[in-house]
Each structure stands twice: as C-alpha cells, then as structure tokens.
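One structure is given below, encoded as structure tokens.
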Amino acid sequence: MANYQPQRGTYDAYYEDALNIEKIEGILSSLASVYGYNPIITPMYESTSLFARSAGESSDIVTKEMFNFVDKSGREIALRPELTAGVMRAVVTNKLYATKDLPLKLCYCGPAFRYERPQQGRYRQFTQFGIETVGVNSYLSDVENIMFGYNALQMLGFPHIILKINSIGDEESRNNYRKALKDFFAPKIGCMCDDCKRRFETNPLRILDCKVEEDQEIIKDAPKMSDFLNDFSKEYFNNITTELDNLGVEYELDPTLVRGLDYYSHVVFEYHYISEEGTNLGAIGAGGHYDNLVKEVGGPQLSSVGLAFGVERLNLLLKELSPDTYAKTEIDVYGIAIGEEARVEVYHAMEFLRSNGFACDMSFENKSMGASFKIATRKNAKFALIAGEDEIKNGVFQVKDLKKQEQETVKAEDLAEYLQNKIEF
RNA sequence: GCGGAUAUGGUGAAGUGGUUAACACAUCUGGCUGUGAACCAGACACGCGUCAGUUCGAUUCUGAUUAUCCGCCCCA
C-alpha cells in the first residue's frame, strides 16, 4: 500500500484550525466590506510572464520561488506567488477601471504558492487575504489601506502590533537614490558578503537589509533614502504620516524597509507581531503603494495601494496568543438514547431541533451512559438530551445543562422554546 | 538554495546489536451502574520515517532518501 505524505510545505487544517482560519477570513472580509471593498476572485494560475513582469524580473519571488510549469499545449503557466498581479490583470481584462467608479476597491482571499524552504508559518501553499485600491487620487487612500490593516489586526485580537513604514519615493527619487547607493558601495562591495555582492547588481536597495555585522558597519554610513526624496515624494509621505498621527496610530519609521516586490513606490509598510514566547514569524501583513502595475499589464496608468495578510501566520500567532478565545468546535445539544426505541425518538428530536437552528449530534451506537457523556463533553456540547423507555412513554426528554450540571424534564413539544431560553443566558 | 537538529503506538515519551519494545495518558472490551467519577480484569507498535548496506542477527551501526523544526536567504 502506498504511503502518502502531504507534499512538502503543505498542511491539512481541520477542526479548530480550520474553524479559526475560517473565522479569521470572516473577520477580515466583513471589515473589508465595512471599508467599502468588493470581493474579487481570480484564477490560481496565470501565465508565467504576468508574474515576471509585475513582481519584477530580478525579485527572488520570480527568479527562485515560482511554481511554474508548461501545460499540455505548451503554455508557460505559474501558480500565483501572490494575488495582486492577477487582480490587476482582471482589472484590465474586464476594464473595471472604465466600468466601475474609481478608485476601485477590491478585496480577495485565496491560496498562493511559493517554492521555498518551509518553516513554521511559511508554507509552499499559503493563504493571502488582501485589499487593493486602484486609481487612487489622494494620499488618503494610502492611509485608508494602512488603517484597514491596523484595525483588522485589532479586531483579530492582536494587542501590540508593530507597524513599520517607509517611503521609497517615486521613480525619479528611487533612481537617484539607487545611483547614490551604487556610488557609495562601489569601493566597499569587495569586502562585503556574497549576498550583498549579488544585491549590488540586482537591487542595491536590498543591501540595506543585510544582517551581517561587518556589513552593518558599512551600511550605517550609507546615504539615506529620505535625503533623496524629491519634493513631491516628500510631501506625499509627510501627508500620510501626519494623518496617521492625527488618527493616533503608532508606527515606526524604518528606513531600511524596502520590500521584495519591485513594483512598489512611495509608501511601503509591514505589520509585525512578536509573541510573548518570542515567536516572530516575520511580517504578518505587508503592503505598499504602486504606480505602474496596471499599466505594466496593459491598462492605463493608475496609482494604486494594497496590502496582504498571511492567514496561516495570523492563525498560528492567535492560537499561541489567546488559547481561550481561540474558537472551539462545539454543538448545542448531544443526544443520548437508552434502547433502540428511544434512539429513533431522540433522532427525531435532533432533526426537529436542527430545523430550529440548534447544532445537534448524537451517536447511533449502543453506548453506556458514561461513554455517551464523555463524548458529549469532548464535542463541547452545551446540553445533553436524554431519553429512555419512560421518557418516550410520557412524551418527554431529560435535558441536562452540561456546564451547570442541572437536569430538567421537558415536554417534547417545548424543547425548542426551552433551549432557546436557556441558551440566551 | 546553504548550514544545523530531529524522526519510536492515537498522544507524550523510555530504551537495547539478539528471546514478550518500558511507562503514562487516551481508546476499546468485560465486571458494575438510567448520568459524565472511582475501582477491578483484559486488549491495544508482526513495529521503532522510507530504502539499502554491515552483521549469524538491527529499532539500535553506516549510507542514501523523505519530512518536520531552527538559523540564513527571502517572504505573508
């Protein structure tokens, strides 16, 4: 018999985990709807070139982490490494920018794939929830996105979120800065780490991210992005931070924050959370402003801003953070029958209660009372509904409140009403 | 992609180059109960990630492989 394992970097979520993942997605989508975002569902695979163009040919996501293949007709296909590119493609193919009011406010949730070395909170198939605002005409859209993420994390129950934020300026500012960095590092790059040597060629901005100590010494004296922002970029960023101050949002200016996707400009931000146990999964959410993505995939130039959360990371941290509020699988009523005759009656009662909206379950096996109560407890049932010969004869059930350990006799026809009153308290 | 650690039943785990792979919890059966406890008797890995090799013999040694976890890279 073949022995199947889950594919590397994939996982099965069930019971509590699955329940809480759904809950997280539910909280996020309802907040998105409150913020005026409309759902969009796009395919899980697109042509490889879409991602290459959007995420940037030099980005790691494209060069070494893409799940790509050739289909039976010879098409170059890739599983989406992130959802933004596909959403932008959908905006263009459906001409949403012309048929719907700008800015478009879209939200999405679904799996993404990256061929990486798996670790905790980092899977090859993972779920992203994100929002995109396409066609922004005010820095307030940027603020709105940041606020959405901030409030979403509050609602999910994260007490102390670290919001890191930076501006990488518009294209002109960024080009000037990149040039200055190259000039600065050129004489020193020889004695820096191999990663930095590579970054020097592909994306000098990323050198700032380096964690090697000796390199840090050199990086300390590197030119600062903030000195290269042109007036427009400076004002744009200033407007955003001022507004965040007005709204009372705490944030950290992090000049080394540059992000891995090449399409960003102006504001970029990340949400971090470090648990009491010190678990740091990296960013749990991140986003930024981008000016040219819609154009890159064949539409008009539309400035946009968006962000995405890693749903599995949120789930992992929430489980560790608040085991008490972590949702449990539970039911309202567990039915216990004594004897064959009673079983059918209890089953009928189950269906009756279900039709009234109560979550019910029972065993069709002949179990001892003790065993039955154990199962009821394990299923986190609020009540047990018990019946044997005597009850059936009299048309009643025993209803036991499993938490209070109180039991009452209830007429069959009063069951729904009785439970309704009980459960409300 | 690079470096390191780990891999025993449903779970937590102990252990050894050689007759029955400890212990605990959970589960199941029986005793006994129309109310979740306790107690008593019993069952529960033909197997120690997978595949090879060394050996008279390997779960224990060696190699490869797979997976997980940690660090790096990068990222949600």
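Residues are named by chain letter and number: chains run A, B, ... in the order of the structure tokens, numbers start at 1 in each chain, and ligands are numbered from 1 in the order shown.
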
Item to complete: For range 16-31 of chain B, list every protein, DNA or RNA residue within 9 Å, evaluated using only C-alpha atoms (C1' of nucleotides), and leave out those in the same chain fewer than 4 positions away; present the list as a ChimeraX atom specification.
Response: /B:8,10-12,40-45,47-48,55,57-61

Selection file, N, CA and C atoms (P, O5', C5', C4', C3', O3' and C1' of nucleotides), as a tab-separated table (two decimals), in the first residue's frame:
chain	number	residue	atom	x	y	z
B	8	U	P	9.15	9.63	16.01
B	8	U	O5'	8.48	8.23	16.35
B	8	U	C5'	8.60	7.18	15.40
B	8	U	C4'	8.73	5.87	16.12
B	8	U	C3'	7.60	5.56	17.10
B	8	U	O3'	6.49	5.01	16.42
B	8	U	C1'	9.68	5.08	18.11
B	10	G	P	-0.75	5.19	15.47
B	10	G	O5'	-2.06	5.73	16.19
B	10	G	C5'	-2.83	6.75	15.55
B	10	G	C4'	-3.28	7.75	16.56
B	10	G	C3'	-2.16	8.37	17.40
B	10	G	O3'	-1.53	9.43	16.71
B	10	G	C1'	-3.92	7.72	18.82
B	11	U	P	-0.03	9.85	17.04
B	11	U	O5'	-0.18	10.54	18.46
B	11	U	C5'	-0.78	11.82	18.59
B	11	U	C4'	-0.74	12.28	20.03
B	11	U	C3'	0.65	12.34	20.64
B	11	U	O3'	1.33	13.53	20.31
B	11	U	C1'	-0.81	11.23	22.13
B	12	G	P	2.93	13.51	20.26
B	12	G	O5'	3.34	13.39	21.79
B	12	G	C5'	3.01	14.44	22.69
B	12	G	C4'	3.50	14.09	24.07
B	12	G	C3'	4.95	13.64	24.17
B	12	G	O3'	5.84	14.73	24.17
B	12	G	C1'	3.58	12.22	25.48
B	40	C	P	-7.63	-0.55	40.46
B	40	C	O5'	-8.24	-1.99	40.15
B	40	C	C5'	-8.54	-2.89	41.21
B	40	C	C4'	-9.35	-4.04	40.69
B	40	C	C3'	-8.81	-4.66	39.41
B	40	C	O3'	-7.75	-5.54	39.64
B	40	C	C1'	-11.14	-4.34	39.21
B	41	A	P	-6.56	-5.63	38.54
B	41	A	O5'	-7.27	-6.53	37.43
B	41	A	C5'	-7.65	-7.87	37.73
B	41	A	C4'	-8.31	-8.49	36.54
B	41	A	C3'	-7.57	-8.30	35.22
B	41	A	O3'	-6.50	-9.20	35.05
B	41	A	C1'	-9.85	-7.81	34.91
B	42	G	P	-5.21	-8.70	34.24
B	42	G	O5'	-5.76	-8.50	32.76
B	42	G	C5'	-5.95	-9.62	31.93
B	42	G	C4'	-6.78	-9.26	30.74
B	42	G	C3'	-6.07	-8.50	29.62
B	42	G	O3'	-5.23	-9.32	28.84
B	42	G	C1'	-8.23	-7.62	29.95
B	43	A	P	-4.00	-8.64	28.04
B	43	A	O5'	-4.75	-7.91	26.83
B	43	A	C5'	-5.52	-8.66	25.91
B	43	A	C4'	-6.09	-7.74	24.87
B	43	A	C3'	-5.07	-6.84	24.18
B	43	A	O3'	-4.39	-7.52	23.14
B	43	A	C1'	-6.96	-5.56	24.80
B	44	C	P	-2.82	-7.17	22.90
B	44	C	O5'	-2.87	-5.72	22.24
B	44	C	C5'	-3.61	-5.50	21.05
B	44	C	C4'	-3.70	-4.03	20.80
B	44	C	C3'	-2.38	-3.27	20.87
B	44	C	O3'	-1.66	-3.40	19.66
B	44	C	C1'	-4.03	-2.09	22.08
B	45	A	P	-0.15	-3.99	19.65
B	45	A	O5'	0.68	-2.76	19.13
B	45	A	C5'	0.18	-1.91	18.09
B	45	A	C4'	1.33	-1.41	17.27
B	45	A	C3'	2.20	-2.55	16.74
B	45	A	O3'	1.77	-2.77	15.40
B	45	A	C1'	3.52	-0.82	17.82
B	47	G	P	5.42	-4.89	10.75
B	47	G	O5'	6.45	-3.68	10.82
B	47	G	C5'	5.98	-2.37	11.09
B	47	G	C4'	6.50	-1.84	12.39
B	47	G	C3'	8.00	-1.92	12.64
B	47	G	O3'	8.68	-0.88	12.00
B	47	G	C1'	6.77	-2.47	14.61
B	48	C	P	10.28	-0.72	11.88
B	48	C	O5'	10.62	0.66	12.59
B	48	C	C5'	9.64	1.71	12.73
B	48	C	C4'	9.98	2.50	13.98
B	48	C	C3'	11.40	3.04	13.97
B	48	C	O3'	11.29	4.46	13.90
B	48	C	C1'	10.86	1.88	16.03
B	55	U	P	29.15	-8.44	6.29
B	55	U	O5'	28.56	-8.86	7.71
B	55	U	C5'	29.29	-8.59	8.90
B	55	U	C4'	28.41	-8.85	10.10
B	55	U	C3'	27.64	-10.17	10.05
B	55	U	O3'	28.45	-11.26	10.47
B	55	U	C1'	26.17	-8.44	10.68
B	57	G	P	23.03	-12.02	8.98
B	57	G	O5'	22.16	-11.57	10.24
B	57	G	C5'	20.83	-12.05	10.38
B	57	G	C4'	20.27	-11.65	11.73
B	57	G	C3'	20.21	-10.15	12.00
B	57	G	O3'	19.04	-9.57	11.43
B	57	G	C1'	21.14	-11.25	13.86
B	58	A	P	19.18	-8.14	10.69
B	58	A	O5'	18.06	-7.35	11.46
B	58	A	C5'	17.91	-7.36	12.86
B	58	A	C4'	17.89	-5.94	13.40
B	58	A	C3'	17.67	-4.88	12.31
B	58	A	O3'	16.31	-4.76	11.92
B	58	A	C1'	19.50	-4.27	13.75
B	59	U	P	15.14	-4.09	12.63
B	59	U	O5'	15.50	-2.57	12.95
B	59	U	C5'	14.59	-1.54	12.65
B	59	U	C4'	14.72	-0.44	13.66
B	59	U	C3'	16.14	-0.21	14.17
B	59	U	O3'	16.83	0.69	13.32
B	59	U	C1'	14.63	-0.32	16.01
B	60	U	P	18.39	0.60	13.04
B	60	U	O5'	19.07	0.86	14.45
B	60	U	C5'	19.20	2.17	15.02
B	60	U	C4'	19.63	2.03	16.45
B	60	U	C3'	21.11	1.71	16.65
B	60	U	O3'	21.74	2.85	17.23
B	60	U	C1'	19.68	0.27	17.94
B	61	C	P	22.56	3.83	16.26
B	61	C	O5'	23.73	2.89	15.69
B	61	C	C5'	25.05	2.96	16.19
B	61	C	C4'	26.00	2.44	15.14
B	61	C	C3'	25.90	3.14	13.79
B	61	C	O3'	26.67	4.33	13.76
B	61	C	C1'	25.88	0.81	13.45

Worksheet item: Tell me, which residues of range 159-329 of chain A carry DSSP strand (DSSP E), written as number ranges by chain?
Response: A: 162-167, 252-253, 264-274, 280-290, 304-310

Item to complete: Counting only C-alpha atoms, figure out which residue out of A:Ile131, A:Val311, A:Ala416, A:Ala327 gets nearest to Phe358 in chain A.
Response: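 Among the listed residues, A:Ala416 lies closest to Phe358 in chain A.
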
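Between C1' of C51 in chain B and CA of Gln5 in chain A there is a distance of 16.0 Å.
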
Kindly provide the residues of chain B that approach chain A to within 7 Å, each paired with its closest atom pair and their distance in Å to one decimal, based on only C-alpha atoms (C1' of nucleotides), listed by chain and increasing number, as a tab-separated table.
residue	atom	partner	partner_atom	distance
B:U35	C1'	A:Met369	CA	6.2
B:G36	C1'	A:Phe373	CA	4.6
B:C74	C1'	A:Asp60	CA	6.8
B:A76	C1'	A:Gly310	CA	3.7

Worksheet item: Per DSSP on the backbone, what are the alpha helix (DSSP H) residues of range 191-305 of chain A, as a PyMOL selection string?
Response: chain A and resi 194-202+213-220+231-246+293-296

Give me a file of those residues, with N, CA and C atoms, as a compact mmCIF listing (two decimals), in the first residue's frame.
# COMPACT_ATOMS: atom_id res chain seq x y z
N ASP A 194 28.56 37.84 0.22
CA ASP A 194 28.20 37.42 -1.14
C ASP A 194 26.80 37.88 -1.53
N ASP A 195 25.90 37.82 -0.54
CA ASP A 195 24.54 38.26 -0.83
C ASP A 195 24.55 39.72 -1.25
N CYS A 196 25.35 40.51 -0.54
CA CYS A 196 25.39 41.93 -0.85
C CYS A 196 25.97 42.16 -2.25
N LYS A 197 26.96 41.37 -2.58
CA LYS A 197 27.55 41.50 -3.93
C LYS A 197 26.48 41.26 -4.98
N ARG A 198 25.66 40.27 -4.71
CA ARG A 198 24.59 39.97 -5.65
C ARG A 198 23.58 41.11 -5.70
N ARG A 199 23.24 41.57 -4.49
CA ARG A 199 22.25 42.65 -4.42
C ARG A 199 22.75 43.91 -5.11
N PHE A 200 24.06 44.13 -5.01
CA PHE A 200 24.65 45.30 -5.61
C PHE A 200 24.27 45.36 -7.09
N GLU A 201 24.27 44.21 -7.72
CA GLU A 201 23.94 44.15 -9.14
C GLU A 201 22.44 44.18 -9.36
N THR A 202 21.70 43.38 -8.61
CA THR A 202 20.28 43.22 -8.91
C THR A 202 19.42 44.32 -8.31
N GLU A 213 27.09 41.55 10.51
CA GLU A 213 27.54 42.65 11.36
C GLU A 213 28.53 43.61 10.70
N GLU A 214 29.53 43.01 10.05
CA GLU A 214 30.55 43.87 9.42
C GLU A 214 29.91 44.77 8.37
N ASP A 215 28.95 44.17 7.65
CA ASP A 215 28.29 44.94 6.61
C ASP A 215 27.45 46.06 7.23
N GLN A 216 26.85 45.74 8.37
CA GLN A 216 26.05 46.74 9.07
C GLN A 216 26.86 48.01 9.33
N GLU A 217 28.12 47.80 9.71
CA GLU A 217 29.02 48.93 9.99
C GLU A 217 29.13 49.85 8.78
N ILE A 218 29.27 49.20 7.63
CA ILE A 218 29.41 49.97 6.40
C ILE A 218 28.08 50.65 6.06
N ILE A 219 26.98 49.88 6.24
CA ILE A 219 25.67 50.38 5.85
C ILE A 219 25.27 51.62 6.66
N LYS A 220 25.75 51.64 7.90
CA LYS A 220 25.41 52.77 8.78
C LYS A 220 25.66 54.12 8.12
N ASP A 231 10.61 66.65 -3.87
CA ASP A 231 9.63 67.40 -3.08
C ASP A 231 8.27 66.73 -3.07
N PHE A 232 7.88 66.22 -4.25
CA PHE A 232 6.57 65.59 -4.34
C PHE A 232 6.50 64.35 -3.43
N SER A 233 7.53 63.51 -3.52
CA SER A 233 7.55 62.30 -2.71
C SER A 233 7.56 62.64 -1.23
N LYS A 234 8.35 63.62 -0.90
CA LYS A 234 8.48 64.03 0.50
C LYS A 234 7.14 64.47 1.05
N GLU A 235 6.46 65.29 0.27
CA GLU A 235 5.18 65.83 0.72
C GLU A 235 4.14 64.70 0.83
N TYR A 236 4.20 63.81 -0.14
CA TYR A 236 3.24 62.71 -0.16
C TYR A 236 3.38 61.87 1.11
N PHE A 237 4.61 61.54 1.42
CA PHE A 237 4.86 60.71 2.60
C PHE A 237 4.51 61.45 3.88
N ASN A 238 4.87 62.73 3.88
CA ASN A 238 4.59 63.55 5.05
C ASN A 238 3.10 63.64 5.33
N ASN A 239 2.32 63.76 4.26
CA ASN A 239 0.86 63.80 4.43
C ASN A 239 0.36 62.52 5.10
N ILE A 240 0.93 61.40 4.69
CA ILE A 240 0.47 60.13 5.23
C ILE A 240 0.81 60.01 6.71
N THR A 241 2.06 60.31 7.06
CA THR A 241 2.45 60.16 8.47
C THR A 241 1.71 61.15 9.34
N THR A 242 1.49 62.34 8.83
CA THR A 242 0.75 63.33 9.62
C THR A 242 -0.65 62.82 9.91
N GLU A 243 -1.26 62.24 8.88
CA GLU A 243 -2.62 61.74 9.06
C GLU A 243 -2.65 60.55 10.04
N LEU A 244 -1.63 59.70 9.96
CA LEU A 244 -1.56 58.59 10.91
C LEU A 244 -1.43 59.13 12.33
N ASP A 245 -0.65 60.19 12.48
CA ASP A 245 -0.53 60.84 13.79
C ASP A 245 -1.89 61.34 14.25
N ASN A 246 -2.60 61.99 13.35
CA ASN A 246 -3.93 62.51 13.69
C ASN A 246 -4.86 61.40 14.16
N LEU A 293 1.68 49.28 -12.03
CA LEU A 293 1.34 47.88 -12.23
C LEU A 293 0.23 47.68 -13.26
N VAL A 294 -0.81 48.49 -13.17
CA VAL A 294 -1.93 48.35 -14.10
C VAL A 294 -1.43 48.59 -15.53
N LYS A 295 -0.59 49.58 -15.68
CA LYS A 295 -0.02 49.89 -16.99
C LYS A 295 0.84 48.73 -17.48
N GLU A 296 1.62 48.18 -16.58
CA GLU A 296 2.50 47.06 -16.93
C GLU A 296 1.73 45.89 -17.51

Worksheet item: Near range 68-78 of chain A, within 7 Å and counting only C-alpha atoms (C1' of nucleotides), which residues show up once chain neighbours fewer than 5 positions away are dropped, as a PyMOL selection string?
Response: chain A and resi 45-48
